[in-house]
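coords-v7.txt, holding compact mmCIF, C-alpha atoms:
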# COMPACT_ATOMS: atom_id res chain seq x y z
CA MET Y 451 13.11 52.40 5.97
CA THR Y 452 14.32 49.95 3.32
CA GLU Y 453 11.80 49.42 0.54
CA ILE Y 454 10.58 45.83 0.34
CA THR Y 455 10.23 44.65 -3.23
CA LYS Y 456 7.11 42.67 -3.99
CA PRO Y 457 7.63 39.59 -6.19
CA GLN Y 458 6.34 39.95 -9.73
CA ALA Y 459 5.21 36.39 -10.44
CA ALA Y 460 2.59 34.78 -8.24
CA PRO Y 461 1.73 31.06 -8.18
CA ALA Y 462 -0.57 30.31 -11.11
CA ARG Y 463 -2.89 28.43 -8.75
CA PRO Y 464 -2.41 29.80 -5.21
CA PHE Y 465 -4.63 27.15 -3.60
CA PHE Y 466 -2.68 25.71 -0.67
CA SER Y 467 -5.56 24.92 1.70
CA SER Y 468 -5.35 21.63 3.59
CA GLY Y 469 -9.01 20.94 3.02
CA PRO Y 470 -10.88 21.37 0.87
CA CYS Y 471 -7.72 21.19 -1.21
CA ALA Y 472 -6.76 22.43 -4.67
CA LYS Y 473 -8.71 20.99 -7.58
CA PRO Y 474 -6.76 18.86 -10.08
CA PRO Y 475 -4.94 20.84 -12.78
CA GLY Y 476 -7.24 21.54 -15.71
CA TYR Y 477 -10.40 21.21 -13.63
CA SER Y 478 -13.55 23.07 -14.57
CA LEU Y 479 -17.20 22.43 -13.85
CA ASP Y 480 -18.07 22.07 -17.52
CA LYS Y 481 -15.83 18.99 -17.69
CA LEU Y 482 -18.00 17.04 -15.24
CA ALA Y 483 -20.44 14.44 -16.50
CA THR Y 484 -23.97 15.60 -15.69
CA GLU Y 485 -26.21 12.79 -16.91
CA SER Y 486 -26.71 11.53 -13.34
CA LEU Y 487 -27.81 14.92 -12.01
CA GLY Y 488 -31.50 15.31 -11.33
CA ARG Y 489 -31.89 11.54 -11.29
CA SER Y 490 -32.45 9.20 -8.38
CA HIS Y 491 -29.24 7.80 -6.95
CA ARG Y 492 -31.09 4.48 -6.89
CA ALA Y 493 -31.84 4.63 -10.61
CA LYS Y 494 -29.64 2.57 -12.90
CA ILE Y 495 -27.49 5.55 -13.88
CA GLY Y 496 -27.00 6.68 -10.27
CA LYS Y 497 -26.00 3.23 -9.04
CA SER Y 498 -23.76 2.82 -12.07
CA ARG Y 499 -21.84 6.06 -11.38
CA LEU Y 500 -21.52 5.31 -7.68
CA GLY Y 501 -20.23 1.84 -8.50
CA TYR Y 502 -17.80 3.28 -11.06
CA CYS Y 503 -16.47 5.71 -8.45
CA ILE Y 504 -15.88 2.80 -6.04
CA ASP Y 505 -14.16 0.77 -8.77
CA LEU Y 506 -11.83 3.68 -9.60
CA MET Y 507 -10.89 4.11 -5.94
CA ARG Y 508 -10.12 0.41 -5.65
CA GLU Y 509 -7.98 0.45 -8.78
CA ILE Y 510 -5.95 3.54 -7.89
CA LEU Y 511 -5.49 2.59 -4.22
CA GLN Y 512 -4.49 -0.92 -5.32
CA LEU Y 513 -6.94 -2.22 -2.76
CA PRO Y 514 -7.19 -6.02 -2.55
CA ASP Y 515 -10.48 -7.79 -3.13
CA THR Y 516 -10.53 -8.72 0.57
CA HIS Y 517 -11.43 -5.11 1.43
CA ARG Y 518 -14.76 -3.41 0.79
CA ILE Y 519 -15.28 0.28 -0.08
CA GLY Y 520 -18.38 2.24 0.85
CA ILE Y 521 -19.44 5.86 0.30
CA VAL Y 522 -21.00 7.17 3.52
CA PRO Y 523 -22.30 10.46 5.00
CA GLY Y 524 -20.37 13.03 6.97
CA SER Y 525 -16.96 13.26 5.27
CA ASP Y 526 -14.01 11.54 6.98
CA THR Y 527 -15.41 12.36 10.42
CA GLY Y 528 -18.69 10.62 9.66
CA ALA Y 529 -16.90 7.57 8.26
CA PHE Y 530 -14.57 7.23 11.25
CA GLU Y 531 -17.33 7.72 13.80
CA MET Y 532 -19.47 5.20 11.94
CA ALA Y 533 -16.66 2.69 12.40
CA MET Y 534 -16.22 3.55 16.09
CA TRP Y 535 -19.91 3.41 16.96
CA THR Y 536 -20.52 0.12 15.15
CA MET Y 537 -17.36 -1.87 16.03
CA LEU Y 538 -15.92 -0.69 19.34
CA GLY Y 539 -16.82 -2.19 22.71
CA ALA Y 540 -15.84 -5.79 22.01
CA ARG Y 541 -12.24 -5.24 23.24
CA PRO Y 542 -10.32 -2.65 25.22
CA VAL Y 543 -9.38 0.40 23.18
CA THR Y 544 -6.14 2.33 22.66
CA THR Y 545 -6.28 5.78 21.10
CA LEU Y 546 -3.25 7.62 19.71
CA ALA Y 547 -3.27 11.41 19.56
CA TRP Y 548 -0.65 13.82 18.32
CA GLU Y 549 -2.90 16.45 16.81
CA SER Y 550 -6.46 17.75 16.94
CA PHE Y 551 -8.28 15.05 14.97
CA GLY Y 552 -6.66 12.27 16.97
CA GLU Y 553 -7.80 14.13 20.08
CA GLY Y 554 -11.29 14.11 18.62
CA TRP Y 555 -11.28 10.31 18.54
CA VAL Y 556 -10.00 10.31 22.14
CA THR Y 557 -12.99 12.44 23.13
CA ASP Y 558 -15.41 10.15 21.31
CA ALA Y 559 -13.99 7.00 22.87
CA ALA Y 560 -13.68 8.41 26.39
CA LYS Y 561 -16.58 10.81 26.78
CA GLN Y 562 -19.19 9.71 24.25
CA LEU Y 563 -18.79 5.93 24.24
CA ASN Y 564 -17.39 5.76 27.80
CA LEU Y 565 -14.84 3.11 26.86
CA ASP Y 566 -12.07 4.23 29.26
CA PRO Y 567 -9.43 3.97 26.52
CA THR Y 568 -5.69 3.79 26.96
CA ILE Y 569 -4.45 7.10 25.57
CA LEU Y 570 -0.99 7.54 24.04
CA ARG Y 571 -0.26 11.20 23.33
CA ALA Y 572 2.53 13.27 21.84
CA ASP Y 573 2.94 16.99 21.35
CA TYR Y 574 2.35 18.64 17.98
CA GLY Y 575 5.30 17.81 15.76
CA GLN Y 576 6.01 14.43 17.36
CA LEU Y 577 4.73 10.86 17.40
CA PRO Y 578 3.91 8.82 20.51
CA ASP Y 579 5.91 5.65 21.15
CA LEU Y 580 4.41 3.29 18.58
CA ASP Y 581 6.20 0.32 20.15
CA ALA Y 582 4.16 0.89 23.31
CA VAL Y 583 0.86 0.02 21.60
CA ASP Y 584 -0.90 -3.05 23.00
CA TRP Y 585 -2.37 -4.83 20.00
CA SER Y 586 -4.66 -7.00 22.08
CA ASN Y 587 -6.70 -3.77 22.03
CA ASP Y 588 -8.54 -2.11 19.20
CA VAL Y 589 -6.27 0.77 18.13
CA LEU Y 590 -7.37 4.15 16.72
CA PHE Y 591 -4.89 6.48 15.01
CA THR Y 592 -4.46 9.05 12.26
CA TRP Y 593 -2.08 7.90 9.52
CA ASN Y 594 -1.21 11.49 8.60
CA GLY Y 595 -1.97 14.21 11.12
CA THR Y 596 -3.39 17.00 8.97
CA THR Y 597 -3.03 19.67 11.66
CA SER Y 598 0.46 18.69 12.87
CA GLY Y 599 2.28 17.62 9.71
CA VAL Y 600 3.23 14.31 11.35
CA ARG Y 601 2.58 10.85 9.94
CA VAL Y 602 3.37 7.29 10.86
CA PRO Y 603 6.43 6.38 8.74
CA ASN Y 604 5.02 3.01 7.62
CA GLY Y 605 2.97 0.08 8.84
CA ASP Y 606 5.83 -1.94 10.35
CA TRP Y 607 4.61 -1.17 13.89
CA ILE Y 608 1.29 -2.93 13.22
CA PRO Y 609 1.68 -6.69 13.79
CA ALA Y 610 0.24 -9.16 11.32
CA ASP Y 611 -1.00 -11.34 14.19
CA ARG Y 612 -2.76 -8.51 16.06
CA GLU Y 613 -5.75 -9.47 18.15
CA GLY Y 614 -7.46 -6.08 18.04
CA LEU Y 615 -8.58 -4.13 15.01
CA SER Y 616 -6.58 -1.28 13.46
CA PHE Y 617 -8.64 1.84 12.76
CA ALA Y 618 -6.78 4.33 10.53
CA ASP Y 619 -8.06 7.82 9.89
CA ALA Y 620 -6.21 8.05 6.58
CA THR Y 621 -7.82 11.14 5.09
CA SER Y 622 -4.56 13.02 4.35
CA ALA Y 623 -2.64 9.84 3.58
CA VAL Y 624 -4.48 7.78 0.96
CA PHE Y 625 -3.39 8.53 -2.61
CA ALA Y 626 -0.11 9.96 -1.24
CA TYR Y 627 1.60 6.99 0.46
CA ASP Y 628 1.77 3.23 0.18
CA ILE Y 629 -0.77 1.85 2.66
CA PRO Y 630 -0.17 -1.79 3.72
CA TRP Y 631 -3.75 -2.94 3.44
CA ASP Y 632 -3.03 -6.26 5.13
CA LYS Y 633 -2.29 -4.22 8.28
CA ILE Y 634 -5.45 -2.10 8.07
CA ASP Y 635 -8.84 -3.37 9.24
CA VAL Y 636 -10.66 -0.04 8.96
CA ALA Y 637 -9.61 3.03 6.96
CA THR Y 638 -11.51 6.24 6.32
CA PHE Y 639 -10.97 9.31 4.18
CA SER Y 640 -12.65 12.15 2.32
CA TRP Y 641 -12.37 13.07 -1.35
CA GLN Y 642 -11.57 16.67 -0.36
CA LYS Y 643 -7.91 15.94 0.50
CA VAL Y 644 -5.41 14.38 -1.95
CA LEU Y 645 -8.01 14.10 -4.72
CA GLY Y 646 -9.08 17.73 -4.37
CA GLY Y 647 -12.71 16.63 -4.36
CA GLU Y 648 -15.69 17.95 -2.46
CA GLY Y 649 -16.50 17.39 1.22
CA ALA Y 650 -19.69 16.02 2.83
CA HIS Y 651 -19.11 12.39 1.77
CA GLY Y 652 -16.75 10.00 3.49
CA VAL Y 653 -15.25 6.75 2.30
CA LEU Y 654 -15.16 3.69 4.56
CA ILE Y 655 -12.84 0.78 3.80
CA LEU Y 656 -13.35 -2.49 5.69
CA GLY Y 657 -11.04 -5.47 5.80
CA PRO Y 658 -12.34 -8.99 6.52
CA ARG Y 659 -11.62 -8.76 10.27
CA ALA Y 660 -13.73 -5.62 10.48
CA VAL Y 661 -16.61 -7.34 8.70
CA GLU Y 662 -16.33 -10.25 11.14
CA ARG Y 663 -16.52 -7.79 14.04
CA LEU Y 664 -19.59 -6.10 12.60
CA GLU Y 665 -21.41 -9.40 12.19
CA SER Y 666 -20.45 -10.80 15.60
CA HIS Y 667 -20.65 -7.74 17.87
CA THR Y 668 -23.74 -5.79 18.91
CA PRO Y 669 -22.88 -2.37 20.38
CA ALA Y 670 -24.21 -1.47 23.83
CA TRP Y 671 -25.51 1.87 22.56
CA PRO Y 672 -28.19 2.81 20.02
CA LEU Y 673 -27.12 3.47 16.45
CA PRO Y 674 -28.61 6.22 14.27
CA LYS Y 675 -29.76 5.13 10.83
CA VAL Y 676 -26.78 6.71 9.03
CA PHE Y 677 -24.39 4.47 11.04
CA ARG Y 678 -26.13 1.14 10.45
CA LEU Y 679 -24.06 -1.32 8.41
CA ILE Y 680 -25.79 -4.55 9.49
CA SER Y 681 -29.07 -5.93 8.21
CA LYS Y 682 -30.52 -9.10 9.71
CA GLY Y 683 -27.19 -9.96 11.31
CA LYS Y 684 -25.16 -9.63 8.11
CA LEU Y 685 -23.17 -6.86 6.49
CA ALA Y 686 -25.33 -4.61 4.32
CA GLU Y 687 -23.37 -5.45 1.18
CA GLY Y 688 -25.27 -2.96 -0.93
CA VAL Y 689 -23.51 -0.06 0.85
CA PHE Y 690 -20.27 -1.31 -0.71
CA LYS Y 691 -21.73 -1.57 -4.20
CA GLY Y 692 -23.03 1.98 -4.51
CA GLU Y 693 -26.32 1.65 -2.59
CA THR Y 694 -25.65 4.49 -0.17
CA ILE Y 695 -27.30 4.67 3.25
CA ASN Y 696 -28.81 8.07 2.52
CA THR Y 697 -29.02 10.36 -0.52
CA PRO Y 698 -25.60 11.37 -1.84
CA SER Y 699 -24.77 14.42 -3.92
CA MET Y 700 -24.31 13.06 -7.41
CA LEU Y 701 -22.54 16.31 -8.30
CA ALA Y 702 -19.94 15.55 -5.62
CA VAL Y 703 -19.68 11.98 -6.96
CA GLU Y 704 -19.08 13.25 -10.50
CA ASP Y 705 -16.49 15.67 -9.12
CA ALA Y 706 -14.70 12.75 -7.43
CA ILE Y 707 -14.86 10.69 -10.63
CA PHE Y 708 -13.18 13.55 -12.52
CA ALA Y 709 -10.34 13.57 -9.98
CA LEU Y 710 -9.98 9.80 -10.04
CA GLU Y 711 -9.85 9.69 -13.84
CA TRP Y 712 -7.23 12.47 -13.73
CA ALA Y 713 -5.24 10.38 -11.25
CA LYS Y 714 -5.53 7.33 -13.48
CA GLY Y 715 -4.14 9.37 -16.34
CA LEU Y 716 -1.07 10.17 -14.23
CA GLY Y 717 -0.33 6.48 -13.82
CA GLY Y 718 -2.46 5.98 -10.74
CA LEU Y 719 -1.00 5.78 -7.26
CA GLU Y 720 2.62 6.06 -8.39
CA GLY Y 721 1.89 9.26 -10.27
CA LEU Y 722 0.05 10.78 -7.32
CA LYS Y 723 2.82 9.84 -4.89
CA ALA Y 724 5.45 11.33 -7.18
CA ARG Y 725 3.66 14.67 -7.40
CA ALA Y 726 3.22 14.92 -3.63
CA ALA Y 727 6.86 13.97 -3.04
CA ALA Y 728 8.06 16.60 -5.54
CA ASN Y 729 5.91 19.26 -3.88
CA ALA Y 730 7.17 18.38 -0.40
CA ALA Y 731 10.76 18.45 -1.64
CA ALA Y 732 10.27 21.88 -3.23
CA LEU Y 733 8.81 23.26 -0.01
CA ASN Y 734 11.60 21.71 2.03
CA ALA Y 735 14.15 23.48 -0.20
CA ILE Y 736 12.44 26.78 0.62
CA VAL Y 737 12.53 26.02 4.34
CA GLU Y 738 16.17 24.94 4.40
CA SER Y 739 17.33 28.13 2.70
CA ARG Y 740 15.63 30.42 5.26
CA ASP Y 741 16.71 30.64 8.88
CA TRP Y 742 13.33 32.04 9.96
CA LEU Y 743 11.37 29.04 8.69
CA GLY Y 744 11.36 25.53 10.14
CA HIS Y 745 9.41 22.28 10.15
CA LEU Y 746 7.06 21.64 13.05
CA CYS Y 747 7.97 17.96 12.58
CA ALA Y 748 11.75 17.73 12.95
CA ASP Y 749 11.93 14.01 12.08
CA GLU Y 750 11.97 13.68 8.29
CA ALA Y 751 10.88 10.02 8.43
CA SER Y 752 7.60 10.99 10.10
CA ARG Y 753 7.11 14.36 8.35
CA SER Y 754 4.01 14.68 6.21
CA LYS Y 755 4.37 15.01 2.45
CA THR Y 756 0.86 16.41 2.15
CA SER Y 757 -0.06 18.74 5.03
CA VAL Y 758 3.32 20.33 5.73
CA CYS Y 759 3.33 22.43 8.92
CA LEU Y 760 5.98 25.12 9.36
CA THR Y 761 7.23 27.23 12.25
CA VAL Y 762 7.94 30.94 11.78
CA GLU Y 763 10.57 32.53 13.98
CA GLY Y 764 9.05 34.81 16.61
CA ALA Y 765 5.50 34.42 15.30
CA ASP Y 766 2.36 34.31 17.38
CA ALA Y 767 -1.21 33.71 16.24
CA ASP Y 768 -1.77 37.38 15.39
CA PHE Y 769 1.40 37.53 13.30
CA ILE Y 770 0.39 34.41 11.35
CA LYS Y 771 -3.09 35.79 10.74
CA LYS Y 772 -1.61 38.98 9.26
CA PHE Y 773 0.99 36.97 7.31
CA ALA Y 774 -1.65 34.78 5.67
CA GLY Y 775 -3.88 37.81 5.10
CA LEU Y 776 -1.17 39.68 3.21
CA LEU Y 777 -0.64 36.78 0.82
CA GLU Y 778 -4.36 36.22 0.30
CA ALA Y 779 -4.89 39.90 -0.51
CA GLU Y 780 -2.17 39.65 -3.18
CA GLY Y 781 -3.60 36.44 -4.65
CA ALA Y 782 -0.28 34.73 -3.88
CA ALA Y 783 -1.45 32.07 -1.40
CA TYR Y 784 -4.81 31.13 0.05
CA ASP Y 785 -5.49 29.51 3.43
CA ILE Y 786 -1.94 28.86 4.67
CA ALA Y 787 -2.36 29.77 8.34
CA GLY Y 788 -1.85 26.78 10.63
CA TYR Y 789 -4.81 25.03 12.23
CA ARG Y 790 -6.41 27.00 15.05
CA ASP Y 791 -5.50 24.45 17.76
CA ALA Y 792 -1.93 23.92 16.51
CA PRO Y 793 1.13 25.99 17.47
CA ALA Y 794 1.24 29.29 15.57
CA GLY Y 795 2.72 28.66 12.14
CA LEU Y 796 1.98 27.99 8.50
CA ARG Y 797 0.39 24.95 6.88
CA ILE Y 798 0.94 24.42 3.17
CA TRP Y 799 -0.76 21.61 1.29
CA CYS Y 800 1.61 19.65 -0.94
CA GLY Y 801 -0.75 16.96 -2.16
CA ALA Y 802 -0.87 15.77 -5.75
CA THR Y 803 -3.33 18.36 -7.05
CA VAL Y 804 -0.82 21.17 -6.36
CA ASP Y 805 1.73 21.96 -9.07
CA THR Y 806 5.38 21.98 -7.99
CA ALA Y 807 5.98 25.21 -9.90
CA ASP Y 808 3.46 26.93 -7.64
CA ILE Y 809 5.26 25.72 -4.52
CA GLU Y 810 8.51 27.07 -5.95
CA ALA Y 811 6.87 30.41 -6.81
CA LEU Y 812 5.61 30.70 -3.23
CA GLY Y 813 9.09 31.12 -1.71
CA PRO Y 814 9.67 34.80 -2.63
CA TRP Y 815 6.16 35.67 -1.45
CA LEU Y 816 6.85 34.13 1.95
CA ASP Y 817 9.98 36.30 2.14
CA TRP Y 818 7.98 39.37 1.18
CA ALA Y 819 5.24 38.80 3.75
CA TYR Y 820 7.76 38.08 6.52
CA ALA Y 821 9.87 41.14 5.74
CA SER Y 822 6.79 43.36 5.39
CA LEU Y 823 5.52 42.43 8.83
CA ARG Y 824 8.94 42.58 10.47
CA SER Y 825 9.54 46.07 9.10
Please lay out the structure from this file as structure tokens.
Amino acid sequence: MTEITKPQAAPARPFFSSGPCAKPPGYSLDKLATESLGRSHRAKIGKSRLGYCIDLMREILQLPDTHRIGIVPGSDTGAFEMAMWTMLGARPVTTLAWESFGEGWVTDAAKQLNLDPTILRADYGQLPDLDAVDWSNDVLFTWNGTTSGVRVPNGDWIPADREGLSFADATSAVFAYDIPWDKIDVATFSWQKVLGGEGAHGVLILGPRAVERLESHTPAWPLPKVFRLISKGKLAEGVFKGETINTPSMLAVEDAIFALEWAKGLGGLEGLKARAAANAAALNAIVESRDWLGHLCADEASRSKTSVCLTVEGADADFIKKFAGLLEAEGAAYDIAGYRDAPAGLRIWCGATVDTADIEALGPWLDWAYASLRS
């Protein structure tokens, strides 16, 4: 049997999980501000830090003043379901699904809210026909499918004169792409993705048409307290100024502030986009030079630059589990097995908190793991 040589140099930071994602370079707990810890989030210092976090997100996302930002419970899932439960029902609904999280919104709309939605589906690795969307409906979609490595290429398919609202689950997209905010009525995300922050908290962004819907539409179903955005018929504006609906983790808020200040130091959105693009390009170079690796998303225009999903020739779920386990045991790559509901393959996070040198160093280790298992 031919001896398989193990690479000598491992990635300096082998954190390639697609959520929670790698911390920003240079991160350590002792660099977090702690003055707000142990204090009420409703005290002056707590409200100040929450407001500062919101202001940083607005600045880096280049979000117009027309849109509000709120920190809400339940990570991206909680934020998106808050939007669904509070705003849907006024119009027919179209749901787009090309991966597991999009399917989750289909389930919510069809089986929980009983809205009988129009469902446009595509297999993993593909997009549905975006031109087939009826924009007299409210439309739910994921901007970047974390579990499929497929994204919408841009916002050109969303009309400016749409009648329905656009609901974008943008958790793996914000801070990595240009988002046309004039085309987005509702967007949600979690700090745990491109910022490398902690989970548990979601971020809800509302455009003016979404606010109008909230103030004019009363849902046919009861709303739990953590979903309520209306008080006395008007938007609860405090939610979008740092007065959270329930108690937040101020440690998670300080963690997010660290990441946002790091991003600002890179030059903001442009710096973040450049890092993600460089990482995706480095991984693509690895894929193109190996005949046993491929992209689950064949169309480069709709291929994710953050959650990149790869096919492995001849691999099944058991092979991928062993492949990822070998690399984890060597400290060469953590958490790179594809999502459990996706086709068997690898998923490597290329968001801005990953260093390109670590993506480049990963290539020989992929070769080693593949050859080791094939032998």
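Residue nearest Met537 of chain Y within the list Y:Ile495, Y:Leu679, Y:Val653, Y:Leu513: Y:Leu679 [criterion: smallest interatomic distance, only C-alpha atoms].
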*Contacts of Glu763 of chain Y at 9 Å (all atoms listed in the file; same-chain gap of 3+ positions) as number ranges by chain*: Y: 741-744, 795
With C-alpha atoms retained, could you export that selection as a PDB file, in the frame of the given file?
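Everything below was put into result31.pdb:
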ATOM      1  CA  ASP Y 741      16.710  30.640   8.880  1.00  0.00           C
ATOM      2  CA  TRP Y 742      13.330  32.040   9.960  1.00  0.00           C
ATOM      3  CA  LEU Y 743      11.370  29.040   8.690  1.00  0.00           C
ATOM      4  CA  GLY Y 744      11.360  25.530  10.140  1.00  0.00           C
ATOM      5  CA  GLY Y 795       2.720  28.660  12.140  1.00  0.00           C
TER       6      GLY Y 795
END
*State, in Å with one decimal place, the distance from atom CA of Tyr502 of chain Y to atom CA of Arg678 of chain Y.*
23.2 Å
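Residue nearest Ile736 of chain Y, chosen from Y:Leu479, Y:Val600, Y:Val543, Y:Ala811 and counting all atoms listed in the file: Y:Ala811.
Minimum distance to Glu810 of chain Y across Y:Ala459, Y:Val602, Y:Met534, Y:Val689 (counting all atoms listed in the file) occurs at Y:Ala459.
Restricting the calculation to all atoms listed in the file, the smallest distance between Ala493 of chain Y and any of Y:Glu693, Y:Phe677, Y:Asp581, Y:Ala686 is found for Y:Glu693.
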*Could you pull the residues within 10 Å of segment 773-778 of chain Y, counting only C-alpha atoms, minus those fewer than 2 positions along the same chain, as a list in words?*
Ala460, Pro464, Phe465, Ala765, Ala767, Asp768, Phe769, Ile770, Lys771, Glu780, Gly781, Ala782, Ala783, Tyr784, Asp785, Ile786, Ala787, Gly788, Gly795, Leu796, Leu812, Trp815, Leu816, Trp818, Ala819, Tyr820, Ala821, Ser822 and Leu823 of chain Y
*Counting only C-alpha atoms, which of Y:Gly554, Y:Gly614, Y:Asn594, Y:Ser490 gets nearest to Pro542 of chain Y?*
Y:Gly614
*With a distance cut-off of 12 Å and only C-alpha atoms, select the neighbouring residues of Arg663 of chain Y, excluding the residue or stretch itself and same-chain residues fewer than 2 positions from it, and output the selection as a ChimeraX atom specification.*
/Y:533-534,536-541,588,613-616,635-636,656-661,665-669,679-680,683-685
Write the residues of the preceding selection, restricted to C-alpha atoms, as a PDB file, in the coordinates of the input.
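Everything below was put into part_33.pdb:
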ATOM      1  CA  ALA Y 533     -16.660   2.690  12.400  1.00  0.00           C
ATOM      2  CA  MET Y 534     -16.220   3.550  16.090  1.00  0.00           C
ATOM      3  CA  THR Y 536     -20.520   0.120  15.150  1.00  0.00           C
ATOM      4  CA  MET Y 537     -17.360  -1.870  16.030  1.00  0.00           C
ATOM      5  CA  LEU Y 538     -15.920  -0.690  19.340  1.00  0.00           C
ATOM      6  CA  GLY Y 539     -16.820  -2.190  22.710  1.00  0.00           C
ATOM      7  CA  ALA Y 540     -15.840  -5.790  22.010  1.00  0.00           C
ATOM      8  CA  ARG Y 541     -12.240  -5.240  23.240  1.00  0.00           C
ATOM      9  CA  ASP Y 588      -8.540  -2.110  19.200  1.00  0.00           C
ATOM     10  CA  GLU Y 613      -5.750  -9.470  18.150  1.00  0.00           C
ATOM     11  CA  GLY Y 614      -7.460  -6.080  18.040  1.00  0.00           C
ATOM     12  CA  LEU Y 615      -8.580  -4.130  15.010  1.00  0.00           C
ATOM     13  CA  SER Y 616      -6.580  -1.280  13.460  1.00  0.00           C
ATOM     14  CA  ASP Y 635      -8.840  -3.370   9.240  1.00  0.00           C
ATOM     15  CA  VAL Y 636     -10.660  -0.040   8.960  1.00  0.00           C
ATOM     16  CA  LEU Y 656     -13.350  -2.490   5.690  1.00  0.00           C
ATOM     17  CA  GLY Y 657     -11.040  -5.470   5.800  1.00  0.00           C
ATOM     18  CA  PRO Y 658     -12.340  -8.990   6.520  1.00  0.00           C
ATOM     19  CA  ARG Y 659     -11.620  -8.760  10.270  1.00  0.00           C
ATOM     20  CA  ALA Y 660     -13.730  -5.620  10.480  1.00  0.00           C
ATOM     21  CA  VAL Y 661     -16.610  -7.340   8.700  1.00  0.00           C
ATOM     22  CA  GLU Y 665     -21.410  -9.400  12.190  1.00  0.00           C
ATOM     23  CA  SER Y 666     -20.450 -10.800  15.600  1.00  0.00           C
ATOM     24  CA  HIS Y 667     -20.650  -7.740  17.870  1.00  0.00           C
ATOM     25  CA  THR Y 668     -23.740  -5.790  18.910  1.00  0.00           C
ATOM     26  CA  PRO Y 669     -22.880  -2.370  20.380  1.00  0.00           C
ATOM     27  CA  LEU Y 679     -24.060  -1.320   8.410  1.00  0.00           C
ATOM     28  CA  ILE Y 680     -25.790  -4.550   9.490  1.00  0.00           C
ATOM     29  CA  GLY Y 683     -27.190  -9.960  11.310  1.00  0.00           C
ATOM     30  CA  LYS Y 684     -25.160  -9.630   8.110  1.00  0.00           C
ATOM     31  CA  LEU Y 685     -23.170  -6.860   6.490  1.00  0.00           C
TER      32      LEU Y 685
END
_I want to know what sits within 10 Å of Asn696 of chain Y, based on all atoms listed in the file, with residues of the same chain fewer than 2 positions away left out; could you give that as JSON, numbers by chain?_
{"Y": [491, 521, 522, 523, 675, 676, 689, 693, 694, 698, 699]}
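Shortest atom-to-atom contact with His517 of chain Y among Y:Lys633, Y:Lys561, Y:Lys473, Y:Lys497: Y:Lys633, counting only C-alpha atoms.
Atom to atom, atom CA of Gly496 of chain Y and atom CA of Gln642 of chain Y stand 20.9 Å apart.
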